[in-house]
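Here is structure36.tsv, consisting of TSV, C-alpha atoms:
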chain	number	residue	atom	x	y	z
T	1	MET	CA	-13.87	53.67	-32.14
T	2	ASN	CA	-10.39	54.07	-33.51
T	3	LYS	CA	-8.13	51.19	-34.37
T	4	SER	CA	-5.73	51.27	-31.43
T	5	ALA	CA	-8.58	51.38	-28.92
T	6	THR	CA	-10.12	48.30	-30.54
T	7	ARG	CA	-6.76	46.60	-30.40
T	8	ALA	CA	-6.40	47.37	-26.71
T	9	LEU	CA	-9.62	45.46	-26.11
T	10	ILE	CA	-8.21	42.22	-27.52
T	11	PRO	CA	-6.32	41.17	-24.33
T	12	LEU	CA	-9.42	41.96	-22.30
T	13	GLY	CA	-11.47	39.77	-24.64
T	14	ILE	CA	-8.99	36.91	-24.30
T	15	PHE	CA	-9.02	37.30	-20.53
T	16	ILE	CA	-12.81	37.21	-20.35
T	17	ALA	CA	-12.95	34.13	-22.60
T	18	LEU	CA	-10.38	32.33	-20.42
T	19	ALA	CA	-12.14	33.33	-17.22
T	20	ALA	CA	-15.44	32.05	-18.61
T	21	LEU	CA	-13.82	28.76	-19.56
T	22	LEU	CA	-12.27	28.29	-16.12
T	23	PHE	CA	-15.50	29.30	-14.41
T	24	TYR	CA	-17.34	26.67	-16.43
T	25	GLY	CA	-14.71	24.14	-15.35
T	26	LEU	CA	-15.42	24.92	-11.71
T	27	GLY	CA	-18.99	23.77	-12.17
T	28	LEU	CA	-18.01	20.33	-13.52
T	29	ASN	CA	-17.92	17.34	-11.23
T	30	PRO	CA	-14.53	15.60	-11.44
T	31	ARG	CA	-16.09	12.43	-9.98
T	32	GLU	CA	-18.17	11.95	-13.09
T	33	ILE	CA	-16.01	10.04	-15.49
T	34	PRO	CA	-17.73	9.44	-18.82
T	35	SER	CA	-18.14	5.75	-19.49
T	36	PRO	CA	-16.70	4.40	-22.74
T	37	LEU	CA	-19.48	1.79	-22.70
T	38	ILE	CA	-22.26	4.17	-23.77
T	39	GLY	CA	-23.72	2.98	-27.09
T	40	LYS	CA	-22.10	-0.43	-26.73
T	41	PRO	CA	-23.69	-3.75	-25.81
T	42	ALA	CA	-23.83	-4.36	-22.07
T	43	PRO	CA	-20.97	-6.70	-21.09
T	44	ASP	CA	-21.95	-10.31	-20.74
T	45	PHE	CA	-22.12	-11.82	-17.27
T	46	ALA	CA	-23.25	-14.85	-15.29
T	47	LEU	CA	-23.96	-14.03	-11.68
T	48	ALA	CA	-26.00	-15.64	-8.95
T	49	SER	CA	-29.26	-13.99	-8.02
T	50	LEU	CA	-29.14	-12.25	-4.65
T	51	LYS	CA	-32.64	-13.31	-3.72
T	52	ASP	CA	-32.45	-16.83	-5.12
T	53	PRO	CA	-28.84	-18.09	-4.80
T	54	GLY	CA	-29.51	-21.14	-6.97
T	55	ARG	CA	-30.47	-19.08	-10.00
T	56	THR	CA	-27.93	-17.65	-12.43
T	57	LEU	CA	-28.71	-14.35	-14.10
T	58	THR	CA	-27.19	-13.41	-17.43
T	59	ARG	CA	-27.31	-10.60	-19.93
T	60	LYS	CA	-30.41	-12.21	-21.47
T	61	ASP	CA	-32.38	-11.22	-18.38
T	62	LEU	CA	-31.87	-7.58	-19.35
T	63	LEU	CA	-33.35	-7.91	-22.82
T	64	GLY	CA	-36.91	-7.20	-23.92
T	65	LYS	CA	-37.54	-3.92	-22.19
T	66	VAL	CA	-35.58	-0.92	-21.00
T	67	SER	CA	-33.70	-1.79	-17.82
T	68	LEU	CA	-32.42	0.46	-15.10
T	69	VAL	CA	-29.37	-1.39	-13.76
T	70	ASN	CA	-28.66	0.08	-10.35
T	71	VAL	CA	-25.32	-0.65	-8.67
T	72	TRP	CA	-25.77	-0.61	-4.91
T	73	ALA	CA	-24.46	-2.00	-1.63
T	74	SER	CA	-25.64	-2.00	1.95
T	75	TRP	CA	-22.46	-0.19	3.07
T	76	CYS	CA	-23.13	2.74	0.76
T	77	PRO	CA	-24.95	5.68	2.38
T	78	SER	CA	-25.86	7.35	-0.93
T	79	CYS	CA	-27.58	4.11	-1.98
T	80	ARG	CA	-29.84	4.36	1.04
T	81	GLN	CA	-30.46	7.97	0.11
T	82	GLU	CA	-31.71	7.07	-3.39
T	83	HIS	CA	-33.58	3.98	-2.23
T	84	ALA	CA	-36.94	5.69	-1.76
T	85	GLU	CA	-36.74	7.21	-5.24
T	86	LEU	CA	-36.00	3.79	-6.74
T	87	MET	CA	-39.03	2.40	-4.92
T	88	ARG	CA	-41.15	5.16	-6.42
T	89	ILE	CA	-39.69	4.63	-9.92
T	90	ALA	CA	-40.30	0.88	-9.79
T	91	ARG	CA	-43.91	1.38	-8.65
T	92	ALA	CA	-44.76	4.08	-11.19
T	93	ASN	CA	-43.08	2.63	-14.29
T	94	ALA	CA	-44.34	-0.82	-15.18
T	95	ASP	CA	-42.83	-0.57	-18.67
T	96	ILE	CA	-39.25	-0.67	-17.41
T	97	GLN	CA	-37.49	-3.15	-15.17
T	98	VAL	CA	-35.33	-2.03	-12.29
T	99	ILE	CA	-32.46	-4.47	-11.92
T	100	GLY	CA	-30.24	-4.40	-8.86
T	101	PHE	CA	-26.49	-4.91	-9.13
T	102	ASN	CA	-25.39	-5.73	-5.60
T	103	TRP	CA	-21.71	-4.87	-5.55
T	104	LYS	CA	-18.93	-5.81	-3.10
T	105	ASP	CA	-21.48	-6.62	-0.44
T	106	THR	CA	-22.49	-9.65	1.59
T	107	ARG	CA	-25.74	-11.46	1.00
T	108	PRO	CA	-27.11	-11.23	4.59
T	109	GLU	CA	-26.39	-7.50	4.87
T	110	ALA	CA	-27.84	-6.78	1.44
T	111	LEU	CA	-31.01	-8.75	2.14
T	112	GLN	CA	-31.36	-7.08	5.51
T	113	MET	CA	-31.28	-3.66	3.90
T	114	LEU	CA	-34.02	-4.66	1.45
T	115	GLN	CA	-36.09	-6.06	4.27
T	116	ARG	CA	-35.83	-2.84	6.17
T	117	PHE	CA	-36.26	-0.30	3.37
T	118	GLY	CA	-38.21	-2.25	0.75
T	119	ASP	CA	-37.20	-3.99	-2.45
T	120	PRO	CA	-37.57	-2.04	-5.70
T	121	TYR	CA	-35.75	-4.62	-7.83
T	122	ALA	CA	-37.23	-7.14	-10.26
T	123	GLU	CA	-33.97	-9.09	-10.12
T	124	ILE	CA	-30.69	-8.56	-8.32
T	125	LEU	CA	-27.27	-9.63	-9.54
T	126	TYR	CA	-24.95	-10.58	-6.72
T	127	ASP	CA	-21.31	-9.61	-7.30
T	128	PRO	CA	-19.50	-9.75	-3.95
T	129	ASP	CA	-15.98	-9.89	-5.43
T	130	ASN	CA	-16.28	-7.26	-8.15
T	131	GLU	CA	-15.98	-9.87	-10.91
T	132	VAL	CA	-18.49	-8.33	-13.26
T	133	GLY	CA	-18.21	-4.82	-11.82
T	134	ILE	CA	-14.84	-4.35	-13.52
T	135	ASP	CA	-16.32	-5.36	-16.89
T	136	TRP	CA	-19.03	-2.77	-16.46
T	137	GLY	CA	-16.51	-0.11	-15.44
T	138	VAL	CA	-18.07	0.29	-12.01
T	139	TYR	CA	-15.89	2.28	-9.63
T	140	GLY	CA	-18.31	3.34	-6.95
T	141	ALA	CA	-21.82	3.01	-5.69
T	142	PRO	CA	-24.38	4.11	-6.54
T	143	GLU	CA	-24.13	4.03	-10.30
T	144	THR	CA	-27.06	3.43	-12.62
T	145	PHE	CA	-27.02	2.23	-16.21
T	146	VAL	CA	-29.91	2.60	-18.64
T	147	VAL	CA	-29.89	-0.46	-20.91
T	148	ASP	CA	-32.32	-0.57	-23.82
T	149	GLY	CA	-34.39	-3.57	-24.90
T	150	GLU	CA	-31.63	-4.77	-27.24
T	151	GLY	CA	-29.10	-4.77	-24.42
T	152	ILE	CA	-27.24	-1.62	-25.47
T	153	ILE	CA	-26.05	0.69	-22.67
T	154	ARG	CA	-27.58	4.10	-23.34
T	155	HIS	CA	-26.73	6.13	-20.29
T	156	LYS	CA	-24.76	5.99	-17.08
T	157	ARG	CA	-25.62	7.97	-13.99
T	158	ILE	CA	-22.84	8.31	-11.42
T	159	GLY	CA	-24.14	9.12	-7.97
T	160	PRO	CA	-27.57	8.87	-6.41
T	161	ILE	CA	-30.82	9.37	-8.29
T	162	ASP	CA	-33.34	11.84	-6.93
T	163	GLN	CA	-36.54	13.09	-8.48
T	164	GLN	CA	-34.81	15.88	-10.34
T	165	VAL	CA	-32.16	13.54	-11.80
T	166	TRP	CA	-34.88	11.09	-12.74
T	167	GLU	CA	-36.96	13.67	-14.56
T	168	SER	CA	-34.26	15.64	-16.31
T	169	GLU	CA	-31.56	13.04	-16.93
T	170	ILE	CA	-32.91	9.51	-16.95
T	171	LEU	CA	-36.54	9.66	-18.04
T	172	PRO	CA	-35.74	11.35	-21.39
T	173	VAL	CA	-33.28	8.54	-22.23
T	174	ILE	CA	-35.80	5.88	-21.27
T	175	GLU	CA	-38.50	7.55	-23.33
T	176	ARG	CA	-36.26	7.79	-26.36
T	177	TYR	CA	-35.43	4.10	-26.35
T	178	SER	CA	-38.88	2.84	-25.38
T	179	ALA	CA	-40.47	4.87	-28.15
T	180	LYS	CA	-38.14	3.41	-30.75
T	181	LYS	CA	-39.45	-0.08	-30.14
T	182	SER	CA	-43.17	0.58	-30.36
S	1	MET	CA	12.01	15.53	31.77
S	2	MET	CA	8.87	14.33	33.51
S	3	ARG	CA	7.96	10.71	33.29
S	4	PRO	CA	4.65	10.17	31.49
S	5	THR	CA	1.89	9.68	34.03
S	6	ILE	CA	-0.54	6.80	33.97
S	7	PRO	CA	-3.48	8.90	32.59
S	8	ALA	CA	-1.27	10.25	29.81
S	9	LEU	CA	-0.27	6.72	28.88
S	10	ALA	CA	-3.90	5.65	28.90
S	11	ILE	CA	-4.87	8.50	26.58
S	12	ALA	CA	-2.01	7.70	24.24
S	13	GLY	CA	-3.12	4.08	24.20
S	14	LEU	CA	-6.70	5.06	23.42
S	15	LEU	CA	-5.56	7.34	20.60
S	16	ALA	CA	-3.41	4.63	19.09
S	17	GLY	CA	-6.35	2.24	19.34
S	18	ALA	CA	-8.68	4.69	17.64
S	19	LEU	CA	-6.20	5.24	14.82
S	20	THR	CA	-5.75	1.55	14.12
S	21	LEU	CA	-9.51	1.00	14.22
S	22	GLY	CA	-9.97	3.75	11.64
S	23	THR	CA	-7.95	1.96	9.01
S	24	ALA	CA	-9.77	-1.32	8.93
S	25	GLN	CA	-7.81	-2.74	6.01
S	26	ALA	CA	-4.49	-1.84	4.53
S	27	TYR	CA	-3.21	-3.24	1.27
S	28	THR	CA	0.37	-3.78	0.36
S	29	LEU	CA	2.02	-4.76	-2.88
S	30	GLU	CA	3.86	-7.64	-1.21
S	31	GLU	CA	1.40	-10.22	-2.44
S	32	PHE	CA	2.00	-9.31	-6.08
S	33	THR	CA	5.25	-10.95	-7.08
S	34	PHE	CA	6.20	-12.83	-10.19
S	35	GLU	CA	8.76	-15.57	-10.63
S	36	ASP	CA	10.57	-13.35	-13.08
S	37	PRO	CA	11.73	-10.21	-11.20
S	38	ALA	CA	11.60	-8.21	-14.45
S	39	ARG	CA	7.90	-9.01	-14.64
S	40	THR	CA	7.42	-7.75	-11.06
S	41	ASP	CA	9.10	-4.48	-12.02
S	42	GLU	CA	6.90	-4.27	-15.09
S	43	PHE	CA	3.82	-4.80	-12.91
S	44	ARG	CA	4.86	-2.10	-10.45
S	45	ASP	CA	5.63	0.35	-13.26
S	46	LEU	CA	2.27	-0.33	-14.84
S	47	ILE	CA	0.15	0.18	-11.74
S	48	GLY	CA	2.12	3.36	-11.07
S	49	GLN	CA	0.91	4.73	-14.41
S	50	LEU	CA	-2.72	3.83	-13.86
S	51	ARG	CA	-5.06	6.09	-11.98
S	52	CYS	CA	-7.32	4.99	-9.18
S	53	LEU	CA	-10.82	6.09	-10.15
S	54	VAL	CA	-11.98	6.53	-6.58
S	55	CYS	CA	-9.12	8.64	-5.25
S	56	GLN	CA	-8.29	10.40	-8.45
S	57	ASN	CA	-4.98	11.82	-7.35
S	58	GLU	CA	-3.59	8.43	-6.47
S	59	SER	CA	-2.19	5.79	-8.73
S	60	LEU	CA	-3.37	2.23	-8.63
S	61	ALA	CA	-0.10	1.43	-6.90
S	62	GLY	CA	-0.59	3.89	-4.06
S	63	SER	CA	-4.32	3.79	-3.43
S	64	GLN	CA	-5.82	2.05	-0.43
S	65	ALA	CA	-9.31	2.08	-1.93
S	66	SER	CA	-10.86	-1.33	-2.16
S	67	VAL	CA	-11.69	-0.85	-5.84
S	68	ALA	CA	-7.99	-0.16	-6.44
S	69	GLN	CA	-7.15	-3.43	-4.74
S	70	ASP	CA	-9.65	-5.25	-6.99
S	71	LEU	CA	-8.05	-3.69	-10.04
S	72	ARG	CA	-4.53	-4.51	-8.84
S	73	LYS	CA	-5.63	-8.12	-8.46
S	74	GLU	CA	-7.15	-8.10	-11.95
S	75	VAL	CA	-4.00	-6.59	-13.47
S	76	TYR	CA	-1.89	-9.13	-11.58
S	77	ARG	CA	-4.08	-12.00	-12.77
S	78	MET	CA	-3.85	-10.85	-16.38
S	79	MET	CA	-0.09	-10.48	-16.20
S	80	GLN	CA	0.21	-13.90	-14.55
S	81	ASP	CA	-1.67	-15.24	-17.55
S	82	GLY	CA	1.13	-13.87	-19.69
S	83	GLN	CA	-0.63	-10.83	-21.10
S	84	SER	CA	1.45	-7.83	-22.05
S	85	THR	CA	1.14	-4.46	-20.34
S	86	ASP	CA	-0.42	-3.06	-23.52
S	87	GLU	CA	-3.13	-5.67	-23.38
S	88	VAL	CA	-3.83	-4.83	-19.74
S	89	VAL	CA	-4.00	-1.11	-20.54
S	90	ASP	CA	-6.40	-1.77	-23.44
S	91	PHE	CA	-8.57	-3.90	-21.16
S	92	LEU	CA	-8.86	-1.13	-18.59
S	93	VAL	CA	-9.35	1.69	-21.10
S	94	GLU	CA	-12.15	-0.30	-22.75
S	95	ARG	CA	-14.01	-0.38	-19.43
S	96	TYR	CA	-13.05	2.79	-17.62
S	97	GLY	CA	-12.02	5.10	-20.44
S	98	ASP	CA	-8.82	7.08	-20.98
S	99	PHE	CA	-9.26	8.43	-17.49
S	100	VAL	CA	-7.42	5.45	-16.01
S	101	LEU	CA	-4.27	6.63	-17.75
S	102	TYR	CA	-2.28	9.36	-16.08
S	103	GLU	CA	-0.85	10.30	-19.47
S	104	PRO	CA	-3.69	10.90	-21.92
S	105	PRO	CA	-3.19	9.34	-25.37
S	106	ILE	CA	-2.58	11.58	-28.36
S	107	LYS	CA	-5.76	11.57	-30.47
S	108	PRO	CA	-7.99	14.21	-32.08
S	109	SER	CA	-9.91	14.95	-28.88
S	110	THR	CA	-6.69	15.59	-26.95
S	111	TYR	CA	-4.82	17.58	-29.62
S	112	VAL	CA	-5.67	20.84	-27.87
S	113	LEU	CA	-4.33	19.43	-24.62
S	114	TRP	CA	-1.07	18.23	-26.11
S	115	PHE	CA	-0.36	20.92	-28.68
S	116	GLY	CA	-2.29	23.90	-27.28
S	117	PRO	CA	0.58	25.13	-25.10
S	118	PHE	CA	2.97	25.14	-28.07
S	119	LEU	CA	0.37	27.02	-30.09
S	120	PHE	CA	0.13	29.68	-27.40
S	121	LEU	CA	3.90	29.85	-27.09
S	122	GLY	CA	4.24	30.30	-30.86
S	123	PHE	CA	1.58	32.99	-30.87
S	124	GLY	CA	3.35	34.83	-28.04
S	125	ALA	CA	6.70	34.58	-29.79
S	126	PHE	CA	5.13	35.89	-33.01
S	127	LEU	CA	3.67	38.92	-31.21
S	128	LEU	CA	6.96	39.61	-29.45
S	129	LEU	CA	9.01	39.43	-32.65
S	130	ARG	CA	6.54	41.57	-34.53
S	131	THR	CA	6.60	44.27	-31.87
S	132	LEU	CA	10.40	44.26	-31.79
S	133	GLN	CA	10.54	44.44	-35.57
S	134	ARG	CA	8.26	47.42	-35.63
S	135	LYS	CA	10.38	49.30	-33.13
S	136	LYS	CA	13.38	48.77	-35.34
S	137	GLU	CA	11.62	49.84	-38.53
S	138	GLU	CA	10.30	53.09	-37.14
S	139	PRO	CA	13.01	54.74	-35.08
S	140	GLU	CA	11.77	57.68	-33.10
S	141	GLN	CA	11.54	60.72	-35.32
S	142	ASP	CA	14.21	63.33	-35.00
S	143	LEU	CA	13.16	66.73	-33.80
S	144	SER	CA	12.36	69.29	-36.45
S	145	GLU	CA	14.39	72.47	-36.87
S	146	ALA	CA	11.89	74.51	-34.90
S	147	GLU	CA	11.82	71.97	-32.04
S	148	GLN	CA	15.61	71.83	-31.88
S	149	GLU	CA	15.67	75.57	-31.59
S	150	ARG	CA	13.10	75.49	-28.78
S	151	LEU	CA	15.01	72.78	-26.95
S	152	ARG	CA	18.21	74.81	-27.11
S	153	ARG	CA	16.40	77.82	-25.76
S	154	LEU	CA	14.87	75.88	-22.89
S	155	LEU	CA	18.15	74.28	-21.93
S	156	ALA	CA	19.90	77.61	-22.03
S	157	LYS	CA	17.23	79.08	-19.80
S	158	THR	CA	17.36	76.41	-17.10
S	159	GLY	CA	21.15	76.51	-17.27
S	160	ASN	CA	21.02	80.21	-16.42
S	161	GLN	CA	18.72	79.66	-13.51
S	162	GLN	CA	20.94	77.04	-11.99
S	163	ASP	CA	23.95	79.31	-12.14
Structure encoded using structure tokens:
Amino acid sequence: MNKSATRALIPLGIFIALAALLFYGLGLNPREIPSPLIGKPAPDFALASLKDPGRTLTRKDLLGKVSLVNVWASWCPSCRQEHAELMRIARANADIQVIGFNWKDTRPEALQMLQRFGDPYAEILYDPDNEVGIDWGVYGAPETFVVDGEGIIRHKRIGPIDQQVWESEILPVIERYSAKKS
Amino acid sequence: MMRPTIPALAIAGLLAGALTLGTAQAYTLEEFTFEDPARTDEFRDLIGQLRCLVCQNESLAGSQASVAQDLRKEVYRMMQDGQSTDEVVDFLVERYGDFVLYEPPIKPSTYVLWFGPFLFLGFGAFLLLRTLQRKKEEPEQDLSEAEQERLRRLLAKTGNQQD
């Protein structure tokens, strides 16, 4: 190929590269905002337990094993959608604890939803006024944090969890940080 | 003009009812005032520069999302406590990331964003200048003796035909 023909291909190359970049951008989800908290200690908190109003839960309750901290509310349709999967995860994985983070909800409505659809949570933090939610950078429900045994946030899932998300996105993170301990 | 009939009025009433039911809660900025009016202005400026994470094309000032209201309250509380706008911005960025800022900060990961356009502009200008320079350096070659002769012949010929 002679030189000028090669040179004529340069704009085409640039165009294809740009088109590929923009096409890739189309596939990204603008709702998924990366959390700056990944790799940092989970923010401290003191919240009442949803199930046992007299008890206060703190960050210490997350330590010891890998926790799946699931932000949910009874008003959130996607939370209902992922509920069955959380039930399955909690049943099948005794080595992790599924912690509920009941967010901007009311106690009776939240408890009613658990009564109707089952309760996958070992403990549930009750944050009706978004006091701790802001510290955790929560901006919607459902969101799910993977917190390792030392209390470091390792992953944040924005949106509902289904089997595919569990297997490809969350389980590998859990395995990495459970393996490190043993 | 015809007077509105009773059924039409009823329908209008129903529509208005449905619309007001749809917006269960509306938030205003009225509740956020400071004793110092300058501080109130500062507050309004600040929430205008912060992005609502739920409705991403709205600022914290304009969004009716309930999370936006929570964040407005938090910003208000912090400013009431005497914290500066920078401190409030740091607080939010620490939790939600740079995304809460409408104007991304200048740092290595955003260099392309901030300086990329100038880079492209410079590259374009360079290409343009180079092309123009080349044109100047190599003026179109004059016709050779033989070509001149041929041109004269051709012109003479067509001239004859037109006559």
Per residue of chain S within 6 Å of chain T, what are the shortest atom pair and its distance in Å to one decimal, counting all atoms listed in the file, with rows by chain and residue number, as JSON lines?
{"residue": "S:Arg95", "atom": "CA", "partner": "T:Gly137", "partner_atom": "CA", "distance": 4.7}
{"residue": "S:Tyr96", "atom": "CA", "partner": "T:Gly137", "partner_atom": "CA", "distance": 5.0}
{"residue": "S:Gly97", "atom": "CA", "partner": "T:Pro36", "partner_atom": "CA", "distance": 5.3}
Q | Atomic separation - atom CA of Ile158 of chain T relative to atom CA of Ala19 of chain T, Å | A |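 Separation of atom CA of Ala19 of chain T and atom CA of Ile158 of chain T: 27.8 Å.
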Q. Of the residues T:Tyr121, T:Ile153, T:Leu47, T:Val132, which is the one nearest to Glu74 of chain S, using all atoms listed in the file?
A.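 Using all atoms listed in the file, the shortest distance to Glu74 of chain S belongs to T:Val132.
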Q.
Need the shell around Tyr27 of chain S: protein/DNA/RNA residues with any atom at most 10 Å away, counting only C-alpha atoms. Skip same-chain ones fewer than 2 positions apart. Format as an MDAnalysis selection string?
A. chainID S and resid 25 29:31 61:66 68:69
Counting all atoms listed in the file, which residues sit no farther than 9 Å from the position (-24.0, -14.8, -19.0) in the file's frame? I'd like them as a compact mmCIF listing (two decimals) with C-alpha atoms, in the coordinates of the input.
# COMPACT_ATOMS: atom_id res chain seq x y z
CA PRO T 43 -20.97 -6.70 -21.09
CA ASP T 44 -21.95 -10.31 -20.74
CA PHE T 45 -22.12 -11.82 -17.27
CA ALA T 46 -23.25 -14.85 -15.29
CA LEU T 47 -23.96 -14.03 -11.68
CA THR T 56 -27.93 -17.65 -12.43
CA LEU T 57 -28.71 -14.35 -14.10
CA THR T 58 -27.19 -13.41 -17.43
CA ARG T 59 -27.31 -10.60 -19.93
CA LYS T 60 -30.41 -12.21 -21.47
Q: Considering only C-alpha atoms, state which residue in the set S:Arg39, S:Arg72, S:Arg51, S:Lys107 is at the smallest distance from Ser84 of chain S.
A: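 Among S:Arg39, S:Arg72, S:Arg51, S:Lys107, it is S:Arg39 that comes nearest to Ser84 of chain S.
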Q: Report the distance between atom CA of Val66 of chain T and atom CA of Ser168 of chain T in Å, rounded to one decimal place.
A: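 For atom CA of Val66 of chain T relative to atom CA of Ser168 of chain T, the distance reads 17.3 Å.
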Q. Which of these residues is nearest to Arg157 of chain T, using only C-alpha atoms: T:Pro142, T:Gly118, T:Pro11, T:Gly25?
A.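 Of all the options, T:Pro142 lies closest to Arg157 of chain T.
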Q: Counting only C-alpha atoms, figure out which residue out of S:Gln80, S:Thr131, S:Gln141, S:Gln49 gets nearest to Asp98 of chain S.
A: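 Looking at the shortest contact to Asp98 of chain S, the residue is S:Gln49.
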Q. What's the 8 Å shell around Cys79 of chain T, counting all atoms listed in the file, without same-chain residues fewer than 3 positions away, as a VMD selection string?
A. chain T and resid 72 to 74 76 82 to 83 141 to 142 160
Q) For Gly48 of chain S, which residue among S:Glu103, S:Asp81, S:Asp36, S:Glu94 is the nearest when counting only C-alpha atoms? A)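 The shortest atom-to-atom distance to Gly48 of chain S comes from S:Glu103.
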Q | Proximity to Pro128 of chain T - best of S:Val88, S:Met79, S:Val67, S:Leu121, all atoms listed in the file | A | S:Val67
Please give the centre and size of the box around segment 127-131 of chain T (axis-aligned, containing every atom listed in the file, 3 Å added per side), with values in Å to one decimal and written as lines of an AutoDock Vina configuration file.
center_x = -18.6
center_y = -8.6
center_z = -7.4
size_x = 11.3
size_y = 8.6
size_z = 13.0
